[in-house]
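*Asks:* One file is attached below, data_5.cif, containing mmCIF, C-alpha atoms.
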data_work
loop_
_atom_site.group_PDB
_atom_site.id
_atom_site.type_symbol
_atom_site.label_atom_id
_atom_site.label_comp_id
_atom_site.auth_asym_id
_atom_site.auth_seq_id
_atom_site.Cartn_x
_atom_site.Cartn_y
_atom_site.Cartn_z
ATOM 1 C CA MET X 1 94.928 103.114 113.187
ATOM 2 C CA LYS X 2 94.717 102.354 109.479
ATOM 3 C CA LEU X 3 97.880 102.852 107.429
ATOM 4 C CA ALA X 4 97.970 102.831 103.630
ATOM 5 C CA THR X 5 100.541 102.982 100.869
ATOM 6 C CA PHE X 6 99.376 105.089 97.938
ATOM 7 C CA ASP X 7 100.298 107.023 94.801
ATOM 8 C CA SER X 8 98.811 110.503 94.711
ATOM 9 C CA GLY X 9 99.592 110.918 91.004
ATOM 10 C CA ASP X 10 103.282 111.768 91.167
ATOM 11 C CA GLY X 11 104.414 108.190 90.538
ATOM 12 C CA ASP X 12 105.890 107.802 94.023
ATOM 13 C CA ALA X 13 104.703 105.576 96.859
ATOM 14 C CA HIS X 14 103.602 107.464 99.966
ATOM 15 C CA VAL X 15 102.483 106.209 103.367
ATOM 16 C CA GLY X 16 99.427 107.741 104.990
ATOM 17 C CA ILE X 17 96.900 107.453 107.776
ATOM 18 C CA VAL X 18 93.351 106.639 106.684
ATOM 19 C CA ALA X 19 90.977 109.213 108.172
ATOM 20 C CA GLY X 20 87.396 108.496 107.161
ATOM 21 C CA ASP X 21 87.250 108.939 103.384
ATOM 22 C CA GLY X 22 90.584 110.766 103.323
ATOM 23 C CA LEU X 23 94.312 110.171 103.727
ATOM 24 C CA ILE X 24 96.866 112.098 105.762
ATOM 25 C CA ASP X 25 100.146 112.022 103.831
ATOM 26 C CA LEU X 26 102.898 111.356 106.365
ATOM 27 C CA SER X 27 105.586 112.708 104.031
ATOM 28 C CA ARG X 28 103.856 116.084 104.408
ATOM 29 C CA ALA X 29 102.669 115.843 107.995
ATOM 30 C CA LEU X 30 105.891 114.350 109.405
ATOM 31 C CA PRO X 31 108.662 114.610 106.791
ATOM 32 C CA GLY X 32 111.249 113.193 109.200
ATOM 33 C CA LEU X 33 109.602 109.763 109.301
ATOM 34 C CA PRO X 34 110.569 106.872 106.993
ATOM 35 C CA ARG X 35 108.859 107.146 103.618
ATOM 36 C CA ASP X 36 107.920 103.461 103.241
ATOM 37 C CA MET X 37 105.771 101.085 105.285
ATOM 38 C CA ALA X 38 108.609 98.720 106.245
ATOM 39 C CA GLY X 39 110.646 101.653 107.532
ATOM 40 C CA LEU X 40 107.669 103.002 109.431
ATOM 41 C CA MET X 41 107.127 99.630 111.096
ATOM 42 C CA ALA X 42 110.775 99.500 112.147
ATOM 43 C CA ALA X 43 110.445 102.993 113.656
ATOM 44 C CA TRP X 44 107.064 102.262 115.251
ATOM 45 C CA PRO X 45 108.143 102.171 118.936
ATOM 46 C CA ASP X 46 109.260 105.796 118.664
ATOM 47 C CA ALA X 47 106.749 106.952 116.039
ATOM 48 C CA GLU X 48 103.443 105.584 117.321
ATOM 49 C CA HIS X 49 102.689 108.330 119.859
ATOM 50 C CA VAL X 50 103.552 111.022 117.294
ATOM 51 C CA LEU X 51 101.243 109.446 114.724
ATOM 52 C CA GLN X 52 98.385 109.313 117.218
ATOM 53 C CA ASN X 53 98.516 113.116 117.357
ATOM 54 C CA VAL X 54 98.721 113.452 113.567
ATOM 55 C CA ALA X 55 95.688 111.179 113.045
ATOM 56 C CA SER X 56 93.308 114.008 113.970
ATOM 57 C CA GLN X 57 94.718 116.445 111.393
ATOM 58 C CA PRO X 58 92.836 117.322 108.186
ATOM 59 C CA ALA X 59 93.343 114.898 105.325
ATOM 60 C CA HIS X 60 95.555 115.812 102.389
ATOM 61 C CA HIS X 61 93.740 113.593 99.864
ATOM 62 C CA LYS X 62 90.405 111.916 99.316
ATOM 63 C CA ILE X 63 90.770 108.166 98.959
ATOM 64 C CA SER X 64 88.721 108.385 95.766
ATOM 65 C CA ASP X 65 91.372 110.674 94.249
ATOM 66 C CA ILE X 66 94.441 108.499 94.838
ATOM 67 C CA HIS X 67 95.648 105.026 93.830
ATOM 68 C CA LEU X 68 95.917 102.620 96.730
ATOM 69 C CA LEU X 69 98.931 100.329 96.444
ATOM 70 C CA ALA X 70 99.703 97.140 98.336
ATOM 71 C CA PRO X 71 100.388 98.283 101.924
ATOM 72 C CA VAL X 72 103.760 96.477 101.859
ATOM 73 C CA PRO X 73 104.696 96.639 98.164
ATOM 74 C CA ARG X 74 107.616 94.181 98.338
ATOM 75 C CA PRO X 75 107.487 92.154 101.567
ATOM 76 C CA PRO X 76 110.647 90.266 102.564
ATOM 77 C CA LYS X 77 108.685 87.016 102.849
ATOM 78 C CA ILE X 78 105.196 85.848 101.913
ATOM 79 C CA LEU X 79 104.254 82.752 103.912
ATOM 80 C CA ALA X 80 100.951 80.962 103.486
ATOM 81 C CA ILE X 81 99.351 78.083 105.347
ATOM 82 C CA GLY X 82 97.344 75.400 103.585
ATOM 83 C CA LEU X 83 94.308 73.422 104.771
ATOM 84 C CA ASN X 84 93.636 75.617 107.803
ATOM 85 C CA TYR X 85 89.815 75.745 107.838
ATOM 86 C CA ALA X 86 87.786 72.645 108.644
ATOM 87 C CA ASP X 87 85.136 73.441 106.018
ATOM 88 C CA HIS X 88 87.783 73.826 103.306
ATOM 89 C CA ILE X 89 89.331 70.488 104.302
ATOM 90 C CA ALA X 90 85.893 68.872 104.125
ATOM 91 C CA GLU X 91 85.138 70.235 100.654
ATOM 92 C CA SER X 92 88.534 69.060 99.388
ATOM 93 C CA GLY X 93 88.042 65.548 100.774
ATOM 94 C CA GLN X 94 91.308 65.606 102.691
ATOM 95 C CA THR X 95 92.106 64.802 106.305
ATOM 96 C CA THR X 96 92.809 67.390 108.964
ATOM 97 C CA PRO X 97 96.578 67.915 109.143
ATOM 98 C CA GLU X 98 98.321 67.165 112.419
ATOM 99 C CA ARG X 99 100.960 69.780 111.644
ATOM 100 C CA GLN X 100 100.867 73.087 109.847
ATOM 101 C CA ILE X 101 101.378 72.949 106.063
ATOM 102 C CA TRP X 102 103.388 75.894 104.732
ATOM 103 C CA PHE X 103 104.302 77.231 101.310
ATOM 104 C CA SER X 104 105.657 80.512 99.979
ATOM 105 C CA LYS X 105 104.594 83.009 97.352
ATOM 106 C CA LEU X 106 107.191 85.205 95.682
ATOM 107 C CA SER X 107 107.105 88.894 96.577
ATOM 108 C CA SER X 108 106.849 89.792 92.868
ATOM 109 C CA ALA X 109 103.288 88.403 92.974
ATOM 110 C CA VAL X 110 102.129 91.230 95.275
ATOM 111 C CA ASN X 111 99.335 93.326 93.807
ATOM 112 C CA GLY X 112 97.300 96.339 94.863
ATOM 113 C CA PRO X 113 93.841 96.067 96.434
ATOM 114 C CA PHE X 114 92.020 97.286 93.310
ATOM 115 C CA ASP X 115 94.480 96.361 90.567
ATOM 116 C CA PRO X 116 93.859 93.723 87.869
ATOM 117 C CA ILE X 117 94.550 90.033 88.405
ATOM 118 C CA GLN X 118 95.951 88.449 85.252
ATOM 119 C CA ILE X 119 94.875 85.166 83.699
ATOM 120 C CA PRO X 120 98.258 83.837 82.511
ATOM 121 C CA ARG X 121 98.824 82.724 78.951
ATOM 122 C CA VAL X 122 99.665 79.179 80.114
ATOM 123 C CA SER X 123 96.523 78.366 82.120
ATOM 124 C CA SER X 124 92.807 78.995 82.486
ATOM 125 C CA ALA X 125 92.577 77.321 85.918
ATOM 126 C CA VAL X 126 92.869 80.484 88.018
ATOM 127 C CA ASP X 127 91.190 80.466 91.413
ATOM 128 C CA TYR X 128 90.610 82.835 94.353
ATOM 129 C CA GLU X 129 91.263 82.246 98.067
ATOM 130 C CA ALA X 130 90.156 84.901 100.550
ATOM 131 C CA GLU X 131 92.512 85.117 103.516
ATOM 132 C CA LEU X 132 93.195 87.201 106.585
ATOM 133 C CA VAL X 133 96.785 88.444 106.333
ATOM 134 C CA ALA X 134 98.936 89.136 109.399
ATOM 135 C CA ILE X 135 101.835 91.563 108.972
ATOM 136 C CA ILE X 136 104.887 91.117 111.168
ATOM 137 C CA GLY X 137 106.156 94.249 112.888
ATOM 138 C CA ARG X 138 109.113 93.038 114.937
ATOM 139 C CA ARG X 139 112.134 90.898 114.219
ATOM 140 C CA CYS X 140 111.502 87.685 116.132
ATOM 141 C CA ARG X 141 112.667 84.086 116.569
ATOM 142 C CA HIS X 142 111.464 81.296 118.878
ATOM 143 C CA VAL X 143 108.295 83.173 119.820
ATOM 144 C CA THR X 144 105.784 81.350 121.987
ATOM 145 C CA LYS X 145 102.109 81.353 121.086
ATOM 146 C CA ALA X 146 101.465 83.490 124.192
ATOM 147 C CA ASP X 147 103.993 86.106 123.063
ATOM 148 C CA ALA X 148 103.132 86.008 119.353
ATOM 149 C CA PRO X 149 100.535 88.836 119.468
ATOM 150 C CA GLY X 150 103.397 91.229 120.240
ATOM 151 C CA ALA X 151 105.071 90.337 116.934
ATOM 152 C CA VAL X 152 102.087 91.404 114.805
ATOM 153 C CA PHE X 153 102.024 94.950 113.479
ATOM 154 C CA GLY X 154 98.578 94.681 111.935
ATOM 155 C CA TYR X 155 96.242 92.907 109.558
ATOM 156 C CA CYS X 156 94.858 93.280 106.063
ATOM 157 C CA ALA X 157 92.825 91.278 103.558
ATOM 158 C CA GLY X 158 94.472 89.050 100.984
ATOM 159 C CA ASN X 159 93.677 86.886 97.986
ATOM 160 C CA ASP X 160 95.904 83.832 97.587
ATOM 161 C CA VAL X 161 95.261 83.578 93.852
ATOM 162 C CA SER X 162 96.155 80.083 92.666
ATOM 163 C CA VAL X 163 96.818 78.626 89.234
ATOM 164 C CA ARG X 164 95.515 75.173 90.043
ATOM 165 C CA ASP X 165 97.046 73.072 87.284
ATOM 166 C CA TRP X 166 100.472 74.601 87.865
ATOM 167 C CA GLN X 167 100.000 74.267 91.630
ATOM 168 C CA PHE X 168 99.686 70.500 91.288
ATOM 169 C CA HIS X 169 102.310 69.920 88.609
ATOM 170 C CA SER X 170 104.531 68.897 91.521
ATOM 171 C CA SER X 171 104.391 68.519 95.290
ATOM 172 C CA GLN X 172 105.876 72.011 95.623
ATOM 173 C CA TRP X 173 103.283 74.764 95.116
ATOM 174 C CA LEU X 174 105.600 77.725 94.535
ATOM 175 C CA LEU X 175 105.027 78.153 90.791
ATOM 176 C CA GLY X 176 101.260 77.792 90.925
ATOM 177 C CA LYS X 177 101.019 80.305 93.750
ATOM 178 C CA SER X 178 103.450 82.965 92.486
ATOM 179 C CA PHE X 179 102.307 84.178 89.075
ATOM 180 C CA ASP X 180 102.536 87.948 88.625
ATOM 181 C CA SER X 181 99.595 89.871 90.157
ATOM 182 C CA HIS X 182 98.443 86.829 92.169
ATOM 183 C CA ALA X 183 98.840 88.226 95.695
ATOM 184 C CA PRO X 184 96.534 91.234 96.111
ATOM 185 C CA ILE X 185 96.659 92.622 99.665
ATOM 186 C CA GLY X 186 95.094 95.626 101.379
ATOM 187 C CA PRO X 187 93.295 97.889 101.204
ATOM 188 C CA TRP X 188 95.422 99.093 104.129
ATOM 189 C CA ILE X 189 96.899 97.780 107.367
ATOM 190 C CA VAL X 190 94.693 97.902 110.452
ATOM 191 C CA THR X 191 97.092 98.013 113.392
ATOM 192 C CA ALA X 192 96.814 95.163 115.865
ATOM 193 C CA ASP X 193 95.698 97.416 118.736
ATOM 194 C CA GLU X 194 92.683 98.578 116.726
ATOM 195 C CA LEU X 195 91.605 95.173 115.438
ATOM 196 C CA ARG X 196 92.220 93.484 118.814
ATOM 197 C CA ASP X 197 90.980 89.922 118.143
ATOM 198 C CA PRO X 198 91.732 88.575 114.647
ATOM 199 C CA HIS X 199 89.823 85.355 115.294
ATOM 200 C CA VAL X 200 86.251 86.694 115.291
ATOM 201 C CA LEU X 201 86.082 88.282 111.833
ATOM 202 C CA GLY X 202 83.564 87.606 109.105
ATOM 203 C CA LEU X 203 85.212 86.886 105.752
ATOM 204 C CA ARG X 204 83.388 86.861 102.409
ATOM 205 C CA THR X 205 84.172 86.525 98.699
ATOM 206 C CA TRP X 206 82.017 87.508 95.769
ATOM 207 C CA VAL X 207 82.745 86.768 92.121
ATOM 208 C CA ASN X 208 80.711 89.356 90.295
ATOM 209 C CA ASP X 209 77.487 89.301 92.343
ATOM 210 C CA GLU X 210 77.695 85.663 93.453
ATOM 211 C CA LEU X 211 78.683 85.035 97.076
ATOM 212 C CA ARG X 212 81.245 82.224 96.965
ATOM 213 C CA GLN X 213 82.867 82.236 100.420
ATOM 214 C CA ASN X 214 81.138 83.188 103.676
ATOM 215 C CA ALA X 215 82.965 82.228 106.863
ATOM 216 C CA ASN X 216 84.561 83.485 110.049
ATOM 217 C CA THR X 217 88.204 83.473 111.106
ATOM 218 C CA SER X 218 87.129 81.556 114.210
ATOM 219 C CA GLY X 219 87.130 78.543 111.882
ATOM 220 C CA MET X 220 90.926 78.377 111.702
ATOM 221 C CA ILE X 221 92.464 75.113 112.889
ATOM 222 C CA PHE X 222 95.795 76.770 113.726
ATOM 223 C CA ASP X 223 95.191 80.376 114.782
ATOM 224 C CA CYS X 224 97.396 83.320 113.831
ATOM 225 C CA PHE X 225 99.539 83.103 116.934
ATOM 226 C CA ALA X 226 100.098 79.352 116.682
ATOM 227 C CA GLN X 227 101.245 79.983 113.125
ATOM 228 C CA ILE X 228 103.812 82.565 114.222
ATOM 229 C CA ALA X 229 105.096 80.252 116.948
ATOM 230 C CA THR X 230 105.672 77.477 114.419
ATOM 231 C CA LEU X 231 107.306 79.685 111.793
ATOM 232 C CA THR X 232 109.722 81.255 114.252
ATOM 233 C CA THR X 233 110.847 77.807 115.350
ATOM 234 C CA ALA X 234 112.394 77.489 111.890
ATOM 235 C CA PHE X 235 113.518 80.999 110.965
ATOM 236 C CA THR X 236 113.496 84.665 111.881
ATOM 237 C CA LEU X 237 110.487 86.772 110.950
ATOM 238 C CA GLU X 238 111.167 90.392 110.058
ATOM 239 C CA PRO X 239 109.155 93.626 109.837
ATOM 240 C CA GLY X 240 107.088 93.547 106.651
ATOM 241 C CA ASP X 241 106.828 89.768 106.364
ATOM 242 C CA ILE X 242 103.259 88.766 105.594
ATOM 243 C CA ILE X 243 101.449 85.620 106.680
ATOM 244 C CA SER X 244 98.376 84.418 104.786
ATOM 245 C CA THR X 245 96.411 82.519 107.398
ATOM 246 C CA GLY X 246 94.334 80.164 105.244
ATOM 247 C CA THR X 247 91.103 80.145 103.275
ATOM 248 C CA PRO X 248 87.657 78.703 104.085
ATOM 249 C CA SER X 249 85.392 76.646 101.837
ATOM 250 C CA GLY X 250 83.926 77.923 98.595
ATOM 251 C CA VAL X 251 86.987 78.095 96.365
ATOM 252 C CA GLY X 252 86.304 77.903 92.647
ATOM 253 C CA VAL X 253 88.064 74.625 91.904
ATOM 254 C CA MET X 254 85.555 72.767 94.081
ATOM 255 C CA GLN X 255 82.667 74.274 92.107
ATOM 256 C CA GLY X 256 84.205 73.993 88.657
ATOM 257 C CA LYS X 257 84.154 77.795 88.452
ATOM 258 C CA PHE X 258 87.504 79.281 87.516
ATOM 259 C CA LEU X 259 88.015 82.989 86.980
ATOM 260 C CA VAL X 260 87.714 84.416 83.465
ATOM 261 C CA PRO X 261 88.461 87.848 81.991
ATOM 262 C CA GLY X 262 85.665 90.260 82.826
ATOM 263 C CA ASP X 263 85.025 88.824 86.295
ATOM 264 C CA VAL X 264 85.475 90.967 89.391
ATOM 265 C CA VAL X 265 86.555 89.352 92.680
ATOM 266 C CA ARG X 266 85.550 91.193 95.838
ATOM 267 C CA ILE X 267 86.839 90.083 99.225
ATOM 268 C CA GLU X 268 85.669 91.691 102.461
ATOM 269 C CA ILE X 269 86.841 91.122 106.026
ATOM 270 C CA ASP X 270 85.032 92.692 108.962
ATOM 271 C CA GLY X 271 86.959 95.491 110.617
ATOM 272 C CA ILE X 272 89.449 95.716 107.748
ATOM 273 C CA GLY X 273 87.862 96.529 104.400
ATOM 274 C CA ARG X 274 87.708 95.104 100.903
ATOM 275 C CA LEU X 275 89.743 94.091 97.893
ATOM 276 C CA GLU X 276 88.099 94.447 94.500
ATOM 277 C CA ASN X 277 90.161 93.139 91.608
ATOM 278 C CA PRO X 278 89.048 92.884 87.966
ATOM 279 C CA ILE X 279 90.181 89.817 86.048
ATOM 280 C CA VAL X 280 92.058 90.456 82.793
ATOM 281 C CA GLU X 281 94.097 88.505 80.289
ATOM 282 C CA GLU X 282 97.864 88.649 80.704
ATOM 283 C CA PRO X 283 99.283 91.256 78.307
ATOM 284 C CA VAL X 284 100.961 89.789 75.267
ATOM 285 C CA THR X 285 104.385 91.273 75.958
ATOM 286 C CA THR X 286 107.883 90.011 76.580
ATOM 287 C CA VAL X 287 109.987 91.908 79.091
ATOM 288 C CA LEU X 288 113.769 91.927 78.884
ATOM 289 C CA ILE X 289 115.700 94.257 81.165
#
Have the structure of the file written as structure tokens, please.
*Replies:*
Amino acid sequence: MKLATFDSGDGDAHVGIVAGDGLIDLSRALPGLPRDMAGLMAAWPDAEHVLQNVASQPAHHKISDIHLLAPVPRPPKILAIGLNYADHIAESGQTTPERQIWFSKLSSAVNGPFDPIQIPRVSSAVDYEAELVAIIGRRCRHVTKADAPGAVFGYCAGNDVSVRDWQFHSSQWLLGKSFDSHAPIGPWIVTADELRDPHVLGLRTWVNDELRQNANTSGMIFDCFAQIATLTTAFTLEPGDIISTGTPSGVGVMQGKFLVPGDVVRIEIDGIGRLENPIVEEPVTTVLI
């Protein structure tokens, strides 16, 4: 099943089932269900069989007529692993890590699958990183690698946008990874039962019409389930947490090709779909609330 968060034009976020080129609005089909994706994931053990029946109903909207939002608009945690593809390690001239390298992105960086990515006022060193994203569906701690598949609700595509100079201002990457708009995810969640094996998926990035990244998730050093096992050794994962599982070779910094306004970054992952984000300058505004 494919589940999306969208705005149909009323300014509210709705959750729906993707049905071909249409969307079934769950607030209309099943008004008793939670209205947000995190709530739906928490209710999934009781709701899944009901949703399977709804999935064959006529769509309420065409996808072309609505605005797709990030599937989880404000995840509790965004966790990302670094140096997790051998080809990316090779291009960066670093050694293969013996242990997993983790950093966080702030949830305010989350962006929709087709919304603009901003070039911040303070840097022109903005880069893309195509990543498979795993979305946690169950509260879990001390999960073994063998049991980790049961913690995953589904998968989507992600772009770990990175402001490279700010990333390396210090040994901590948080600032360089968390600028506003720098975590596009989507276009929807493909539930784990539909995707089955997340480690056999082609992953590609284009900037404009130039293919920059072309790899397969089989190239991960630490697979999705090993990642979950490590993370839950340290802390509890919760429904809606997202895990960015690493990027392959072909990132812009290694080619001297940073993103500029007017570019369009397209990321595709087999079995999931695509992100397509235009690159724009950060608006010249100051926000005080």
*Asks:* What is the distance, in Å and to one decimal place, between CA of Asp25 in chain X and CA of Ile269 in chain X?
*Replies:* 24.9 Å
*Asks:* Between CA of Pro149 in chain X and CA of Pro239 in chain X, measure the distance and give it in Å to one decimal.
*Replies:*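 Atom-to-atom, CA of Pro149 in chain X and CA of Pro239 in chain X are spaced 13.8 Å apart.
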*Asks:* Tell me, as a ChimeraX atom specification, which residues lie within 12 Å of Asn208 in chain X, counting only C-alpha atoms; anything in the same chain fewer than 4 positions away does not count.
*Replies:* /X:212,259-267,276-279
*Asks:* Identify, on the basis of only C-alpha atoms, every residue whose closest approach to Gly16 in chain X does not exceed 6 Å; exclude the query and any residue fewer than 6 positions from it along the same chain; express the result as number ranges by chain.
*Replies:* X: 3-4, 23-26
*Asks:* Provide the CA of Gly137 in chain X to CA of Gly9 in chain X distance in Å, to one decimal place.
*Replies:*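 If I compute the distance from CA of Gly137 in chain X to CA of Gly9 in chain X, I get 28.3 Å.
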*Asks:* Within 12 Å of Pro187 in chain X, counting all atoms listed in the file, which residues show up once you throw out same-chain ones fewer than 3 positions away? Write them as a PyMOL selection string, please.
*Replies:* chain X and resi 2-6+18+63+67-73+111-115+132-133+155-159+184+190+266-269+271-277
*Asks:* How would the residues just picked look written out with C-alpha atoms as a compact mmCIF listing (two decimals), in the frame of the given file?
*Replies:*
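For reference, again.txt as written:
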# COMPACT_ATOMS: atom_id res chain seq x y z
CA LYS X 2 94.72 102.35 109.48
CA LEU X 3 97.88 102.85 107.43
CA ALA X 4 97.97 102.83 103.63
CA THR X 5 100.54 102.98 100.87
CA PHE X 6 99.38 105.09 97.94
CA VAL X 18 93.35 106.64 106.68
CA ILE X 63 90.77 108.17 98.96
CA HIS X 67 95.65 105.03 93.83
CA LEU X 68 95.92 102.62 96.73
CA LEU X 69 98.93 100.33 96.44
CA ALA X 70 99.70 97.14 98.34
CA PRO X 71 100.39 98.28 101.92
CA VAL X 72 103.76 96.48 101.86
CA PRO X 73 104.70 96.64 98.16
CA ASN X 111 99.34 93.33 93.81
CA GLY X 112 97.30 96.34 94.86
CA PRO X 113 93.84 96.07 96.43
CA PHE X 114 92.02 97.29 93.31
CA ASP X 115 94.48 96.36 90.57
CA LEU X 132 93.20 87.20 106.58
CA VAL X 133 96.78 88.44 106.33
CA TYR X 155 96.24 92.91 109.56
CA CYS X 156 94.86 93.28 106.06
CA ALA X 157 92.82 91.28 103.56
CA GLY X 158 94.47 89.05 100.98
CA ASN X 159 93.68 86.89 97.99
CA PRO X 184 96.53 91.23 96.11
CA VAL X 190 94.69 97.90 110.45
CA ARG X 266 85.55 91.19 95.84
CA ILE X 267 86.84 90.08 99.22
CA GLU X 268 85.67 91.69 102.46
CA ILE X 269 86.84 91.12 106.03
CA GLY X 271 86.96 95.49 110.62
CA ILE X 272 89.45 95.72 107.75
CA GLY X 273 87.86 96.53 104.40
CA ARG X 274 87.71 95.10 100.90
CA LEU X 275 89.74 94.09 97.89
CA GLU X 276 88.10 94.45 94.50
CA ASN X 277 90.16 93.14 91.61
*Asks:* Check which residues satisfy the PyMOL selection byres ((chain X and resi 80) around 8) in the file shown, then give them as an MDAnalysis selection string.
*Replies:* chainID X and resid 78:79 81:82 102:105 243:246
*Asks:* Measuring atom to atom with only C-alpha atoms, identify which of X:Ala59, X:Leu211, X:Leu106, X:Ile101 is nearest to Leu231 in chain X.
*Replies:*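 Result for the nearest residue to Leu231 in chain X: X:Ile101.
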*Asks:* Go through X:Asn214, X:Tyr128, X:Arg121, X:Val110 one by one, measure the shortest atom-to-atom distance of each to Val284 in chain X using only C-alpha atoms, and give the residue with the smallest value.
*Replies:*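 Checking each candidate against Val284 in chain X, we get X:Arg121 as the closest.
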*Asks:* Applying the PyMOL selection byres ((chain X and resi 27-35) around 12) to the file I just gave you, which residues come out? Please list them as a PyMOL selection string.
*Replies:* chain X and resi 4-6+8+12-17+23-26+36-44+46-48+50-61+72
*Asks:* Of the residues X:Ala90, X:Leu237, X:Ala125, X:Val251, which is the one nearest to Pro76 in chain X, using only C-alpha atoms?
*Replies:*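 Selected residue with least distance to Pro76 in chain X: X:Leu237.
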*Asks:* Could you list, as a PyMOL selection string, every residue within 7 Å of Ala86 in chain X, counting only C-alpha atoms and ignoring same-chain residues fewer than 2 positions away?
*Replies:* chain X and resi 84+88-90+219+221
*Asks:* Can you translate the PyMOL selection byres ((chain X and resi 223-229) around 7) into the concrete residues it hits in this file, as a ChimeraX atom specification?
*Replies:* /X:142-145,148-149,220-222,230-233,245
*Asks:* Restricting the calculation to all atoms listed in the file, which member of X:Glu210, X:Asp10, X:Glu282, X:Asp87 is positioned closest to Pro116 in chain X?
*Replies:*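 Among the listed residues, the smallest separation from Pro116 in chain X belongs to X:Glu282.
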*Asks:* Compare X:Lys77, X:Asp180, X:Leu195, X:Glu131 by their minimum atom-to-atom distance to Ala215 in chain X, counting all atoms listed in the file, and give me the closest one.
*Replies:* X:Glu131
*Asks:* Choose the residue, out of X:Pro283, X:Asp270, X:Ala183, X:Ala192, that has the smallest atom-to-atom separation from Thr217 in chain X; count only C-alpha atoms.
*Replies:*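 Of X:Pro283, X:Asp270, X:Ala183, X:Ala192, the one nearest Thr217 in chain X is X:Asp270, counting only C-alpha atoms.
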